[in-house]
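Below: the structure, in structure tokens.
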Amino acid sequence: LEQPFQDRVLIPLMRSILQVLGHYGPKQSADRLRLSLQQAGNPGNLQPLQFSGIRIGLAVILVIVFGVITVSQGLPLTQILMYTAIGGVMGYLLPGIWLGQQIKRRKKNILKSLPDSLDLLCISVEAGLSFDQALGRVSEKWDNELCKEFKRMLTDVRLGRARRDALRDMSARCGVEDVQTFVAAVIQAEQLGV
């Protein structure tokens with residue numbers, strides 16, 4: 001009861017409604033949608049079903065809004081149907097466009113912070129820190145998307161995952177080619193004992 005009413009009631013209610021609506025969306029793209037949400041930085045801590053629920057809900061809302069507006073204007077039936085269909089399509093497509101913009105922005109942020117992070121990582125390793133300690137130092141230094149991924153990767157390693165698997169997951173979550181090249185080089189160096 002110490003939490004605000006919004007956190008206790010409204011947000012869980014909205015999440016459950018979105019979850020229910022998400023069951024009516026397409027099922028085949030759940031894995032691809034999960035990866036897209038991870039590459040966008042998991043905005044709002046959304047699950048794939050909840051994002052599908054947002055798409056379905058917004059499509060229904062825009063169909064209703066466009067339908068009411070066109071009927072109140074006294075348009076012919078064909079135009080009413082056309083405009084409501086356009087509203088439904090827009091409602092379904094807008095969340096996907098927003099997610100694509102979030103992915104682009106996050107990738108740009110990661111790409112922009114990569115050179116400084118690699119420079120500090122190289123200096124830290126040359127100064128005698130282990131690779132994990134150097135990654136920890138880099139993740140403490142800045143608060144950007146790449147450092148958040150480094151922190152998550154280090155947490156996975158501390159929880160018992162193999163470093164190789166944690167690095168591959170980080171690379172997939174980032175979706176940036178330069179990060180994938182860096183991860184491949186680190187994995188190869190670890191396999192060779194460098």
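FYI, nothing fancy with the structure tokens labels: chains A, B, ... in order, residues from 1 per chain, ligands from 1 as they appear.
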Using only C-alpha atoms, which protein or nucleic acid residues come within 9 Å of Thr84 (chain A)? Drop anything in the same chain fewer than 4 positions from it, and give the result as a list in words. Leu62, Val63, Ile64, Val65, Phe66, Gly67, Val68, Thr70, Gln79, Ile80, Gly88 and Val89 of chain A
Based on the selection just made, write N, CA, C and O atoms of those residues as a CSV table (one decimal), in the first residue's frame.
```csv
chain,number,residue,atom,x,y,z
A,62,LEU,N,-8.4,3.3,-33.1
A,62,LEU,CA,-8.4,4.1,-34.3
A,62,LEU,C,-9.6,3.8,-35.2
A,62,LEU,O,-10.1,4.7,-35.9
A,63,VAL,N,-10.0,2.5,-35.3
A,63,VAL,CA,-11.1,2.1,-36.1
A,63,VAL,C,-12.4,2.8,-35.6
A,63,VAL,O,-13.2,3.4,-36.3
A,64,ILE,N,-12.5,2.8,-34.2
A,64,ILE,CA,-13.7,3.4,-33.6
A,64,ILE,C,-13.7,4.9,-33.8
A,64,ILE,O,-14.7,5.5,-34.2
A,65,VAL,N,-12.5,5.5,-33.6
A,65,VAL,CA,-12.4,7.0,-33.7
A,65,VAL,C,-12.7,7.4,-35.1
A,65,VAL,O,-13.5,8.3,-35.4
A,66,PHE,N,-12.0,6.8,-36.1
A,66,PHE,CA,-12.2,7.1,-37.5
A,66,PHE,C,-13.6,6.9,-37.9
A,66,PHE,O,-14.2,7.6,-38.7
A,67,GLY,N,-14.2,5.8,-37.4
A,67,GLY,CA,-15.6,5.5,-37.7
A,67,GLY,C,-16.6,6.5,-37.2
A,67,GLY,O,-17.5,7.0,-38.0
A,68,VAL,N,-16.4,6.9,-36.0
A,68,VAL,CA,-17.3,8.0,-35.4
A,68,VAL,C,-17.1,9.3,-36.2
A,68,VAL,O,-18.1,10.0,-36.5
A,70,THR,N,-16.1,9.8,-39.3
A,70,THR,CA,-16.6,9.8,-40.7
A,70,THR,C,-18.1,9.7,-40.7
A,70,THR,O,-18.7,10.3,-41.5
A,79,GLN,N,-16.7,5.6,-48.3
A,79,GLN,CA,-15.7,6.4,-47.7
A,79,GLN,C,-15.5,6.1,-46.2
A,79,GLN,O,-14.4,6.1,-45.7
A,80,ILE,N,-16.7,5.8,-45.6
A,80,ILE,CA,-16.6,5.5,-44.1
A,80,ILE,C,-15.8,4.2,-43.9
A,80,ILE,O,-14.9,4.1,-43.1
A,88,GLY,N,-7.5,1.6,-38.9
A,88,GLY,CA,-7.1,0.3,-38.3
A,88,GLY,C,-5.7,-0.1,-38.7
A,88,GLY,O,-4.9,-0.5,-37.9
A,89,VAL,N,-5.4,0.1,-40.0
A,89,VAL,CA,-4.0,-0.2,-40.5
A,89,VAL,C,-3.0,0.7,-39.8
A,89,VAL,O,-1.9,0.3,-39.4
```
From region 2-189 of chain A, collect each residue whose DSSP state is alpha helix (DSSP H) and return the set as a ChimeraX atom specification. /A:5,11-22,30-39,48-72,77-126,131-141,145-158,163-174,177-189
Would you write out, as a Markdown table, a table of all residues in region 28-108 of chain A that have an atom no more than 9 Å from an atom of region 144-166 of chain A, listing for each the closest atom pair and the distance in Å to one decimal, considering only C-alpha atoms and ordering rows by chain and rising residue number?
```
| residue | atom | partner | partner_atom | distance |
| --- | --- | --- | --- | --- |
| A:Gly41 | CA | A:Glu145 | CA | 7.8 |
| A:Arg106 | CA | A:Glu145 | CA | 6.9 |
| A:Lys107 | CA | A:Glu145 | CA | 8.6 |
```
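Nearest residue to Ala59 (chain A) among A:Met90, A:Ala189, A:Val179, A:Leu114 is A:Met90, counting only C-alpha atoms.
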Please report as CSV every residue of region 49-109 of chain A lying within 12 Å of region 8-14 of chain A, along with the nearest atom pair and their distance in Å (one decimal), using only C-alpha atoms.
```
residue,atom,partner,partner_atom,distance
A:Gln50,CA,A:Met14,CA,9.3
A:Phe51,CA,A:Met14,CA,11.7
A:Gly53,CA,A:Met14,CA,10.0
A:Ile54,CA,A:Met14,CA,9.9
A:Gly57,CA,A:Met14,CA,11.0
```
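Nearest to Val186 (chain A) of all the residues A:Arg34, A:Gln133, A:Arg168, A:Ile69 is A:Arg168, based on only C-alpha atoms.
Across the model, the gap from CA of Leu121 (chain A) to CA of Leu135 (chain A) is 6.4 Å.
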Can you pull out every residue within 10 Å of Asp116 (chain A), counting only C-alpha atoms, but drop anything in the same chain fewer than 5 positions away, and send it as a compact mmCIF listing (two decimals) with C-alpha atoms, in the first residue's frame?
```
# COMPACT_ATOMS: atom_id res chain seq x y z
CA LEU A 121 38.79 -1.45 -21.76
CA CYS A 122 42.18 -1.73 -23.49
CA VAL A 138 33.96 0.49 -18.15
CA TRP A 142 29.42 5.75 -18.14
```
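A straight line drawn from CA of Val20 (chain A) to CA of Phe5 (chain A) is 22.0 Å long.
Ranking A:Gln102, A:Ser130, A:Gln180, A:Ser113 by their shortest atom-to-atom distance to Gln38 (chain A), with only C-alpha atoms included, puts A:Gln102 first.
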Which residue, A:Leu118, A:Leu192, A:Ala40, A:Leu33, has the smallest gap to Ile103 (chain A) when you use only C-alpha atoms? A:Ala40
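Separating CA of Gln101 (chain A) from CA of Ser36 (chain A) is a distance of 11.0 Å.
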